[in-house]
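Just work21.pdb here, PDB, C-alpha atoms, pLDDT in the B column:
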```
MODEL        1
ATOM      1  CA  MET A 585     110.640  94.834 101.494  1.00 85.00           C
ATOM      2  CA  ILE A 586     110.102  94.999 105.207  1.00 86.00           C
ATOM      3  CA  LEU A 587     112.184  96.106 108.144  1.00 87.00           C
ATOM      4  CA  GLY A 588     112.642  93.681 110.997  1.00 89.00           C
ATOM      5  CA  ARG A 589     114.961  92.420 113.680  1.00 90.00           C
ATOM      6  CA  VAL A 590     116.739  89.075 113.727  1.00 93.00           C
ATOM      7  CA  VAL A 591     115.619  87.193 116.838  1.00 92.00           C
ATOM      8  CA  GLY A 592     116.867  83.689 116.221  1.00 93.00           C
ATOM      9  CA  ARG A 593     118.085  80.848 114.068  1.00 93.00           C
ATOM     10  CA  VAL A 594     116.560  77.646 112.693  1.00 93.00           C
ATOM     11  CA  TRP A 595     118.111  74.310 111.775  1.00 90.00           C
ATOM     12  CA  ALA A 596     116.399  71.783 109.556  1.00 90.00           C
ATOM     13  CA  ALA A 597     118.127  68.599 108.394  1.00 86.00           C
ATOM     14  CA  ARG A 598     115.181  67.228 106.461  1.00 88.00           C
ATOM     15  CA  GLN A 599     114.422  69.920 103.969  1.00 88.00           C
ATOM     16  CA  ASP A 600     113.913  70.515 100.290  1.00 88.00           C
ATOM     17  CA  ALA A 601     117.245  69.690  98.619  1.00 86.00           C
ATOM     18  CA  ARG A 602     117.325  73.095  96.965  1.00 86.00           C
ATOM     19  CA  LEU A 603     117.527  74.759 100.371  1.00 85.00           C
ATOM     20  CA  GLY A 604     120.950  73.108 100.579  1.00 79.00           C
ATOM     21  CA  GLY A 605     122.081  74.093 104.041  1.00 75.00           C
ATOM     22  CA  ALA A 606     121.077  77.722 103.762  1.00 86.00           C
ATOM     23  CA  LYS A 607     121.469  79.821 106.893  1.00 91.00           C
ATOM     24  CA  LEU A 608     117.914  80.465 108.057  1.00 93.00           C
ATOM     25  CA  LEU A 609     117.187  83.292 110.482  1.00 95.00           C
ATOM     26  CA  ILE A 610     114.009  84.165 112.348  1.00 93.00           C
ATOM     27  CA  VAL A 611     112.964  87.782 111.839  1.00 92.00           C
ATOM     28  CA  ARG A 612     110.349  89.691 113.794  1.00 88.00           C
ATOM     29  CA  PRO A 613     108.926  92.426 111.559  1.00 85.00           C
ATOM     30  CA  HIS A 614     108.732  95.961 112.891  1.00 78.00           C
ATOM     31  CA  GLY A 615     105.155  97.160 112.704  1.00 63.00           C
ATOM     32  CA  VAL A 616     102.244  95.915 110.684  1.00 54.00           C
ATOM     33  CA  TYR A 617     102.202  95.467 106.942  1.00 56.00           C
ATOM     34  CA  GLU A 618      99.643  94.869 104.223  1.00 53.00           C
ATOM     35  CA  PRO A 619      98.931  92.250 103.242  1.00 54.00           C
ATOM     36  CA  ALA A 620      99.184  91.278 106.853  1.00 56.00           C
ATOM     37  CA  LEU A 621     101.644  88.534 107.660  1.00 62.00           C
ATOM     38  CA  PRO A 622      99.883  85.501 109.104  1.00 60.00           C
ATOM     39  CA  THR A 623     102.340  85.348 111.978  1.00 73.00           C
ATOM     40  CA  GLY A 624     104.472  87.566 114.173  1.00 77.00           C
ATOM     41  CA  HIS A 625     107.651  86.146 112.701  1.00 86.00           C
ATOM     42  CA  LEU A 626     109.099  84.951 109.448  1.00 89.00           C
ATOM     43  CA  VAL A 627     112.019  82.783 108.465  1.00 93.00           C
ATOM     44  CA  ALA A 628     114.390  84.226 105.875  1.00 94.00           C
ATOM     45  CA  VAL A 629     117.476  83.021 104.036  1.00 93.00           C
ATOM     46  CA  ASP A 630     120.452  85.074 105.146  1.00 92.00           C
ATOM     47  CA  ASP A 631     122.548  86.413 102.302  1.00 82.00           C
ATOM     48  CA  VAL A 632     124.538  89.043 104.186  1.00 90.00           C
ATOM     49  CA  ASP A 633     125.833  87.280 107.308  1.00 91.00           C
ATOM     50  CA  ALA A 634     123.408  88.938 109.709  1.00 93.00           C
ATOM     51  CA  GLY A 635     123.221  87.948 113.369  1.00 92.00           C
ATOM     52  CA  VAL A 636     120.772  87.885 116.250  1.00 92.00           C
ATOM     53  CA  GLY A 637     119.891  91.430 117.305  1.00 90.00           C
ATOM     54  CA  ASP A 638     120.569  93.009 113.910  1.00 91.00           C
ATOM     55  CA  ASP A 639     117.933  95.153 112.235  1.00 90.00           C
ATOM     56  CA  VAL A 640     117.579  93.913 108.684  1.00 92.00           C
ATOM     57  CA  ILE A 641     115.837  94.523 105.376  1.00 91.00           C
ATOM     58  CA  VAL A 642     113.863  91.501 104.214  1.00 92.00           C
ATOM     59  CA  ALA A 643     112.616  90.940 100.671  1.00 90.00           C
ATOM     60  CA  LEU A 644     109.601  88.728 100.066  1.00 89.00           C
ATOM     61  CA  GLY A 645     108.574  86.686  97.039  1.00 88.00           C
ATOM     62  CA  ARG A 646     110.451  86.540  93.751  1.00 89.00           C
ATOM     63  CA  PRO A 647     113.055  89.154  94.683  1.00 88.00           C
ATOM     64  CA  ALA A 648     113.875  87.005  97.696  1.00 89.00           C
ATOM     65  CA  ARG A 649     114.382  83.930  95.507  1.00 89.00           C
ATOM     66  CA  LEU A 650     116.659  85.828  93.168  1.00 86.00           C
ATOM     67  CA  ALA A 651     118.724  87.113  96.073  1.00 85.00           C
ATOM     68  CA  ALA A 652     118.831  83.735  97.783  1.00 83.00           C
ATOM     69  CA  ALA A 653     119.948  82.089  94.557  1.00 81.00           C
ATOM     70  CA  LYS A 654     123.351  83.671  94.971  1.00 75.00           C
ATOM     71  CA  SER A 655     124.107  81.995  98.279  1.00 71.00           C
ATOM     72  CA  LEU A 656     122.057  78.856  97.684  1.00 73.00           C
ATOM     73  CA  GLY A 657     123.467  78.326  94.205  1.00 66.00           C
ATOM     74  CA  LYS A 658     126.954  78.543  95.656  1.00 59.00           C
ATOM     75  CA  SER A 659     126.279  75.914  98.274  1.00 54.00           C
ATOM     76  CA  LEU A 660     124.832  73.564  95.649  1.00 55.00           C
ATOM     77  CA  GLY A 661     127.811  74.049  93.399  1.00 51.00           C
ATOM     78  CA  SER A 662     127.726  75.962  90.140  1.00 49.00           C
ATOM     79  CA  SER A 663     128.261  72.933  87.937  1.00 48.00           C
ATOM     80  CA  SER A 664     125.911  72.153  85.072  1.00 46.00           C
ATOM     81  CA  GLY A 665     122.437  71.216  86.204  1.00 49.00           C
ATOM     82  CA  ALA A 666     122.352  73.838  88.904  1.00 53.00           C
ATOM     83  CA  PRO A 667     118.846  75.306  89.193  1.00 56.00           C
ATOM     84  CA  ALA A 668     118.142  78.605  87.482  1.00 56.00           C
ATOM     85  CA  SER A 669     118.066  81.664  89.665  1.00 74.00           C
ATOM     86  CA  ASP A 670     114.335  81.585  90.418  1.00 80.00           C
ATOM     87  CA  ASP A 671     114.243  77.879  91.195  1.00 83.00           C
ATOM     88  CA  PHE A 672     114.535  77.881  94.968  1.00 87.00           C
ATOM     89  CA  PRO A 673     111.542  77.185  97.212  1.00 89.00           C
ATOM     90  CA  VAL A 674     111.985  80.175  99.492  1.00 90.00           C
ATOM     91  CA  ASP A 675     109.870  83.283  99.950  1.00 90.00           C
ATOM     92  CA  ALA A 676     111.975  85.554 102.157  1.00 93.00           C
ATOM     93  CA  ALA A 677     115.603  86.676 102.134  1.00 93.00           C
ATOM     94  CA  ILE A 678     117.639  89.153 104.163  1.00 94.00           C
ATOM     95  CA  LEU A 679     119.128  91.718 101.812  1.00 92.00           C
ATOM     96  CA  GLY A 680     120.849  94.106 104.175  1.00 92.00           C
ATOM     97  CA  VAL A 681     121.833  94.907 107.724  1.00 93.00           C
ATOM     98  CA  VAL A 682     120.475  98.312 108.746  1.00 89.00           C
ATOM     99  CA  ASP A 683     122.912 100.773 110.294  1.00 87.00           C
ATOM    100  CA  ARG A 684     120.560 103.628 110.886  1.00 82.00           C
ATOM    101  CA  VAL A 685     116.885 104.564 110.466  1.00 77.00           C
ATOM    102  CA  GLU A 686     115.372 108.022 110.510  1.00 74.00           C
ATOM    103  CA  LEU A 687     111.675 108.038 111.172  1.00 68.00           C
ATOM    104  CA  ASP A 688     109.264 110.968 111.303  1.00 67.00           C
ATOM    105  CA  ALA A 689     107.608 110.349 114.661  1.00 64.00           C
ATOM    106  CA  ALA A 690     104.615 112.588 113.968  1.00 62.00           C
ATOM    107  CA  ALA A 691     103.877 111.070 110.580  1.00 59.00           C
ATOM    108  CA  SER A 692     104.249 107.535 111.827  1.00 57.00           C
ATOM    109  CA  ALA A 693     101.959 108.243 114.781  1.00 56.00           C
ATOM    110  CA  ARG A 694      99.007 109.162 112.543  1.00 52.00           C
ATOM    111  CA  PRO A 695      96.113 106.733 112.765  1.00 51.00           C
ATOM    112  CA  GLY A 696      96.399 104.302 109.925  1.00 50.00           C
ATOM    113  CA  ALA A 697     100.055 104.977 109.337  1.00 47.00           C
ATOM    114  CA  ALA A 698     102.622 102.271 109.841  1.00 48.00           C
ATOM    115  CA  PRO A 699     103.650 102.105 113.503  1.00 47.00           C
ATOM    116  CA  GLY A 700     107.034 103.520 114.285  1.00 43.00           C
ATOM    117  CA  ILE A 701     109.903 101.306 115.132  1.00 44.00           C
ATOM    118  CA  ALA A 702     110.187 102.925 118.565  1.00 42.00           C
ATOM    119  CA  ARG A 703     106.888 101.277 119.471  1.00 44.00           C
ATOM    120  CA  PRO A 704     107.209  98.238 121.719  1.00 42.00           C
ATOM    121  CA  LEU A 705     107.122  95.139 119.556  1.00 44.00           C
ATOM    122  CA  PRO A 706     104.577  92.389 120.051  1.00 47.00           C
ATOM    123  CA  ALA A 707     106.145  89.400 121.682  1.00 49.00           C
ATOM    124  CA  ILE A 708     106.509  86.079 119.945  1.00 52.00           C
ATOM    125  CA  THR A 709     104.845  83.556 122.172  1.00 50.00           C
ATOM    126  CA  ASP A 710     104.465  79.871 121.779  1.00 48.00           C
ATOM    127  CA  GLY A 711     101.961  78.984 124.454  1.00 42.00           C
ATOM    128  CA  ALA A 712     103.396  77.088 127.373  1.00 35.00           C
ATOM    129  CA  ARG A 713     106.708  76.587 125.605  1.00 39.00           C
ATOM    130  CA  LEU A 714     107.765  80.126 126.392  1.00 36.00           C
ATOM    131  CA  ALA A 715     109.954  79.989 129.473  1.00 35.00           C
ATOM    132  CA  PRO A 716     111.865  82.919 130.942  1.00 40.00           C
ATOM    133  CA  GLY A 717     115.567  82.446 130.795  1.00 41.00           C
ATOM    134  CA  GLY A 718     115.823  79.220 128.920  1.00 37.00           C
ATOM    135  CA  ARG A 719     114.292  76.027 127.709  1.00 36.00           C
ATOM    136  CA  ALA A 720     110.695  75.125 128.272  1.00 32.00           C
TER     137      ALA A 720
ATOM    138  CA  MET B1465     108.731  81.053 105.402  1.00 91.00           C
ATOM    139  CA  VAL B1466     107.225  80.597 108.822  1.00 90.00           C
ATOM    140  CA  ILE B1467     107.807  78.020 111.534  1.00 92.00           C
ATOM    141  CA  GLY B1468     104.774  76.071 112.632  1.00 91.00           C
ATOM    142  CA  GLU B1469     103.746  72.909 114.403  1.00 92.00           C
ATOM    143  CA  VAL B1470     101.845  70.236 112.544  1.00 94.00           C
ATOM    144  CA  VAL B1471      98.660  69.830 114.541  1.00 92.00           C
ATOM    145  CA  GLY B1472      96.844  67.445 112.263  1.00 92.00           C
ATOM    146  CA  ARG B1473      96.119  65.975 108.883  1.00 91.00           C
ATOM    147  CA  LEU B1474      93.252  66.869 106.686  1.00 87.00           C
ATOM    148  CA  TRP B1475      91.310  64.565 104.400  1.00 85.00           C
ATOM    149  CA  ALA B1476      88.658  65.547 101.909  1.00 80.00           C
ATOM    150  CA  SER B1477      87.084  62.748  99.935  1.00 78.00           C
ATOM    151  CA  ARG B1478      85.136  65.196  97.818  1.00 79.00           C
ATOM    152  CA  GLN B1479      87.686  67.637  96.512  1.00 76.00           C
ATOM    153  CA  ALA B1480      88.481  69.567  93.379  1.00 75.00           C
ATOM    154  CA  ALA B1481      90.523  67.596  90.888  1.00 76.00           C
ATOM    155  CA  SER B1482      93.073  70.393  91.024  1.00 72.00           C
ATOM    156  CA  LEU B1483      94.058  69.367  94.540  1.00 74.00           C
ATOM    157  CA  GLY B1484      95.212  66.100  93.013  1.00 72.00           C
ATOM    158  CA  GLY B1485      94.927  63.994  96.164  1.00 75.00           C
ATOM    159  CA  GLN B1486      97.763  65.989  97.702  1.00 84.00           C
ATOM    160  CA  LYS B1487      98.551  65.192 101.338  1.00 88.00           C
ATOM    161  CA  LEU B1488      97.397  68.178 103.371  1.00 90.00           C
ATOM    162  CA  LEU B1489      98.547  69.166 106.848  1.00 93.00           C
ATOM    163  CA  LEU B1490      97.126  71.570 109.379  1.00 92.00           C
ATOM    164  CA  VAL B1491      99.913  73.782 110.686  1.00 92.00           C
ATOM    165  CA  ARG B1492      99.735  76.153 113.625  1.00 90.00           C
ATOM    166  CA  PRO B1493     102.248  78.956 113.121  1.00 88.00           C
ATOM    167  CA  LEU B1494     104.611  79.774 115.969  1.00 84.00           C
ATOM    168  CA  GLY B1495     103.049  82.601 117.935  1.00 73.00           C
ATOM    169  CA  ALA B1496      99.477  81.746 116.994  1.00 64.00           C
ATOM    170  CA  SER B1497      97.686  80.122 119.902  1.00 60.00           C
ATOM    171  CA  GLY B1498      94.327  80.069 121.596  1.00 59.00           C
ATOM    172  CA  ARG B1499      90.921  80.615 120.085  1.00 61.00           C
ATOM    173  CA  GLY B1500      90.873  82.374 116.771  1.00 59.00           C
ATOM    174  CA  ALA B1501      94.429  81.415 115.909  1.00 67.00           C
ATOM    175  CA  ARG B1502      94.753  80.984 112.183  1.00 78.00           C
ATOM    176  CA  LEU B1503      95.828  77.577 111.018  1.00 87.00           C
ATOM    177  CA  ILE B1504      97.554  77.042 107.699  1.00 89.00           C
ATOM    178  CA  VAL B1505      96.520  74.211 105.411  1.00 90.00           C
ATOM    179  CA  ALA B1506      99.788  73.252 103.766  1.00 92.00           C
ATOM    180  CA  ALA B1507     100.687  70.731 101.085  1.00 92.00           C
ATOM    181  CA  ASP B1508     103.349  68.332 102.325  1.00 90.00           C
ATOM    182  CA  ALA B1509     106.392  67.661 100.161  1.00 82.00           C
ATOM    183  CA  LEU B1510     108.475  66.016 102.901  1.00 90.00           C
ATOM    184  CA  ASP B1511     106.302  63.452 104.690  1.00 90.00           C
ATOM    185  CA  ALA B1512     105.909  65.445 107.901  1.00 93.00           C
ATOM    186  CA  GLY B1513     103.602  64.262 110.660  1.00 90.00           C
ATOM    187  CA  PRO B1514     101.688  65.573 113.668  1.00 92.00           C
ATOM    188  CA  GLY B1515     103.998  67.090 116.277  1.00 92.00           C
ATOM    189  CA  ASP B1516     106.708  68.003 113.791  1.00 93.00           C
ATOM    190  CA  ARG B1517     107.911  71.602 113.682  1.00 93.00           C
ATOM    191  CA  VAL B1518     108.042  72.565 110.041  1.00 94.00           C
ATOM    192  CA  LEU B1519     109.066  75.371 107.743  1.00 94.00           C
ATOM    193  CA  VAL B1520     106.189  76.486 105.527  1.00 93.00           C
ATOM    194  CA  ALA B1521     106.933  78.542 102.426  1.00 93.00           C
ATOM    195  CA  ARG B1522     104.242  80.354 100.508  1.00 89.00           C
ATOM    196  CA  GLY B1523     103.618  81.287  96.926  1.00 88.00           C
ATOM    197  CA  SER B1524     102.794  79.864  93.537  1.00 88.00           C
ATOM    198  CA  ARG B1525     106.447  79.616  92.509  1.00 88.00           C
ATOM    199  CA  VAL B1526     107.281  77.638  95.627  1.00 88.00           C
ATOM    200  CA  ARG B1527     104.321  75.393  94.872  1.00 88.00           C
ATOM    201  CA  ASP B1528     105.441  74.849  91.255  1.00 87.00           C
ATOM    202  CA  LEU B1529     108.907  73.843  92.403  1.00 87.00           C
ATOM    203  CA  THR B1530     107.829  71.418  95.092  1.00 87.00           C
ATOM    204  CA  VAL B1531     104.465  69.694  94.730  1.00 85.00           C
ATOM    205  CA  GLY B1532     103.863  70.623  91.107  1.00 83.00           C
ATOM    206  CA  GLU B1533     102.135  73.244  89.045  1.00 81.00           C
ATOM    207  CA  THR B1534      98.832  71.439  89.015  1.00 77.00           C
ATOM    208  CA  VAL B1535      98.225  71.536  92.749  1.00 80.00           C
ATOM    209  CA  ALA B1536      95.834  74.267  93.872  1.00 77.00           C
ATOM    210  CA  ALA B1537      97.616  75.093  97.116  1.00 79.00           C
ATOM    211  CA  LYS B1538     100.007  77.891  97.927  1.00 85.00           C
ATOM    212  CA  ASP B1539     101.494  76.847 101.261  1.00 91.00           C
ATOM    213  CA  VAL B1540     104.048  74.050 101.150  1.00 93.00           C
ATOM    214  CA  VAL B1541     106.124  72.333 103.840  1.00 94.00           C
ATOM    215  CA  VAL B1542     109.752  72.718 102.687  1.00 93.00           C
ATOM    216  CA  GLY B1543     111.638  71.780 105.854  1.00 93.00           C
ATOM    217  CA  ILE B1544     111.326  69.879 109.117  1.00 94.00           C
ATOM    218  CA  VAL B1545     112.860  71.840 111.970  1.00 93.00           C
ATOM    219  CA  ASP B1546     115.469  70.130 114.142  1.00 91.00           C
ATOM    220  CA  GLY B1547     116.204  73.091 116.332  1.00 89.00           C
ATOM    221  CA  ALA B1548     115.543  76.778 116.723  1.00 89.00           C
ATOM    222  CA  SER B1549     116.718  79.442 119.078  1.00 88.00           C
ATOM    223  CA  ILE B1550     114.713  82.631 119.515  1.00 86.00           C
ATOM    224  CA  GLU B1551     115.863  85.542 121.688  1.00 83.00           C
ATOM    225  CA  LEU B1552     113.044  87.601 123.153  1.00 73.00           C
ATOM    226  CA  GLY B1553     115.238  89.973 125.117  1.00 68.00           C
ATOM    227  CA  ALA B1554     117.526  89.663 128.076  1.00 68.00           C
ATOM    228  CA  SER B1555     115.195  87.535 130.145  1.00 68.00           C
ATOM    229  CA  ALA B1556     113.380  85.183 127.819  1.00 71.00           C
ATOM    230  CA  SER B1557     114.064  82.845 124.978  1.00 77.00           C
ATOM    231  CA  ILE B1558     112.503  79.903 123.191  1.00 76.00           C
ATOM    232  CA  GLU B1559     114.543  76.812 122.425  1.00 81.00           C
ATOM    233  CA  ILE B1560     113.217  74.090 120.185  1.00 79.00           C
ATOM    234  CA  GLY B1561     115.309  70.969 119.929  1.00 78.00           C
ATOM    235  CA  GLY B1562     119.000  71.683 119.899  1.00 68.00           C
ATOM    236  CA  ALA B1563     121.716  73.255 117.818  1.00 65.00           C
ATOM    237  CA  PRO B1564     123.574  70.913 115.476  1.00 65.00           C
TER     238      PRO B1564
ENDMDL
END
```
Please go through the file and, once you have read it, give me the structure as C-alpha cells.
Amino acid sequence: MILGRVVGRVWAARQDARLGGAKLLIVRPHGVYEPALPTGHLVAVDDVDAGVGDDVIVALGRPARLAAAKSLGKSLGSSSGAPASDDFPVDAAILGVVDRVELDAAASARPGAAPGIARPLPAITDGARLAPGGRA
Amino acid sequence: MVIGEVVGRLWASRQAASLGGQKLLLVRPLGASGRGARLIVAADALDAGPGDRVLVARGSRVRDLTVGETVAAKDVVVGIVDGASIELGASASIEIGGAP
C-alpha cells in the first residue's frame, strides 16, 4: 500500500463495462516507492468516499481489485452473472482516509530511506496545459 | 491506473505470435514531458486514437480480463477520459474537458 493525497477526479464515459461508473480519483503519492511508479500520479477507484485534499491509503494490484469489487459489484448489480471478486480491470483502490501520521523525521531523512511526507511534493505538470488558476 | 495522452500508434510487422496482432498505442503519461519522458506501449481494448486522454491499467490480471490471456502485454487502455480536474494547490489546477 502507499500513502498519497487526493488531488483530483476523472470522468470517463467510454470505459470497460466492468468499471461501471466507479468513482475515480487522482492520487499523488507521497515520496518515492519501489518499484518506482512510472508517473507522478495514479488513478484509483474510491471505496471510502474520499475527497480532494484527503490523505489516503492506496492498495495496488490484486488487493485493489478485491477491494474495488465491493463498490463496483454493487453498481453492476449483484444478480447472477456478476463478475467474481477479482474480475475487475483496475489496479489501484483507495482503502482508507488517513486521520493522522506519525513519522520519525531523523529516520526518514537518512539517505536511501523513503522521503518524509513533510518534504515538498513534486508537482504534477502537463506541459503547456498547466495554467495557474484555471483552464489551459 | 494512470492518465495519459495517446501520442501515436505502433505497428510491427515482424512480431512475436504472442502479441497476436493486438492494436498497440503509444501513451504519454500525464506529468511525463520533454526528452527522456517514458512512453507506455499499451494494448487498446476500446478503440482509442491519437489525441485521446486515456486511462491505462497495468497487470497480467487486467490483461487477462480485457484483451485476453494470450496477449503478451501488461498495459491496457480501459477508459477514455472525458474530463478531469486536478488541484495543485491554491493557485494552480489542471482541467481536462469538463465535468459531466
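Of the listed residues (B:Val1505, B:Val1535, B:Val1542, B:Leu1488), B:Val1542 comes nearest to Arg1517 in chain B; the distances count all atoms listed in the file.
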(message) Only residues of chain B matter here; which ones have an atom within 10 Å of chain A, counting only C-alpha atoms? Give them as a PyMOL selection string.
(response) chain B and resi 1465-1468+1492-1498+1501-1504+1509-1512+1517-1530+1540-1564
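CA of Asp1508 in chain B is found 24.1 Å from CA of Asp630 in chain A.
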Show me, as lines of an AutoDock Vina configuration file, the centre and edge lengths in Å to one decimal of the axis-aligned box that covers every listed atom of range 625-628 of chain A with 3 Å on each side.
```
center_x = 111.0
center_y = 84.5
center_z = 109.3
size_x = 12.7
size_y = 9.4
size_z = 12.8
```
(message) Suppose a student applies the PyMOL selection byres ((chain B and resi 1534) around 8) to this structure; what residues should they get, written as a PyMOL selection string?
(response) chain B and resi 1482-1484+1528+1532-1533+1535-1536
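Among the candidate residues B:Val1531, B:Ala1537, B:Ala1507, B:Leu1489, the one lying nearest to Val1471 in chain B is B:Leu1489, with distances computed using all atoms listed in the file.
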(message) Rounded to one decimal, what separation in Å do you get between CA of Arg684 in chain A and CA of His614 in chain A?
(response)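 We find that CA of Arg684 in chain A and CA of His614 in chain A lie 14.2 Å from each other.
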(request) Work out how far apart CA of Ile641 in chain A and CA of Ile586 in chain A are and give it in Å to one decimal. (result)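 Atom-to-atom, CA of Ile641 in chain A to CA of Ile586 in chain A, that is 5.8 Å.
Nearest residue to Arg589 in chain A, choosing from A:Pro647, A:Ala634, A:Asp639, A:Ala653 and counting all atoms listed in the file: A:Asp639.
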(request) Would you mind telling me which residue in B:Glu1469, B:Val1491, B:Gly1515, B:Arg1478 lies nearest to Asp1539 in chain B when using all atoms listed in the file? (result)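 Distance minimum relative to Asp1539 in chain B lands on B:Val1491.
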(message) As a check of understanding, name the residues that the PyMOL selection byres ((chain A and resi 680) around 7) selects in the supplied structure, as a list of chain:residue names.
(response)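 Written out, the selection comes to A:Val632, A:Val640, A:Ile641, A:Ile678, A:Leu679, A:Val681, A:Val682.
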Can you fill out range 603-614 of chain A with N, CA and C atoms and hand it back as a short mmCIF file (atom, residue, chain, number, x, y, z; two decimals), keeping the file's coordinate frame?
```cif
data_model
loop_
_atom_site.label_atom_id
_atom_site.label_comp_id
_atom_site.auth_asym_id
_atom_site.auth_seq_id
_atom_site.Cartn_x
_atom_site.Cartn_y
_atom_site.Cartn_z
N LEU A 603 117.18 73.83 99.29
CA LEU A 603 117.53 74.76 100.37
C LEU A 603 118.98 74.58 100.79
N GLY A 604 119.53 73.39 100.48
CA GLY A 604 120.95 73.11 100.58
C GLY A 604 121.74 73.75 101.71
N GLY A 605 121.29 73.59 102.92
CA GLY A 605 122.08 74.09 104.04
C GLY A 605 122.13 75.60 104.16
N ALA A 606 121.12 76.26 103.64
CA ALA A 606 121.08 77.72 103.76
C ALA A 606 121.00 78.13 105.22
N LYS A 607 121.59 79.26 105.55
CA LYS A 607 121.47 79.82 106.89
C LYS A 607 120.10 80.48 106.99
N LEU A 608 119.29 79.98 107.92
CA LEU A 608 117.91 80.46 108.06
C LEU A 608 117.79 81.22 109.37
N LEU A 609 117.34 82.47 109.29
CA LEU A 609 117.19 83.29 110.48
C LEU A 609 115.72 83.63 110.70
N ILE A 610 115.37 83.77 111.99
CA ILE A 610 114.01 84.16 112.35
C ILE A 610 113.98 85.68 112.51
N VAL A 611 113.06 86.33 111.81
CA VAL A 611 112.96 87.78 111.84
C VAL A 611 111.59 88.19 112.37
N ARG A 612 111.61 89.13 113.31
CA ARG A 612 110.35 89.69 113.79
C ARG A 612 110.15 91.04 113.11
N PRO A 613 109.12 91.16 112.28
CA PRO A 613 108.93 92.43 111.56
C PRO A 613 108.61 93.57 112.51
N HIS A 614 109.11 94.75 112.17
CA HIS A 614 108.73 95.96 112.89
C HIS A 614 107.41 96.44 112.32
#
```
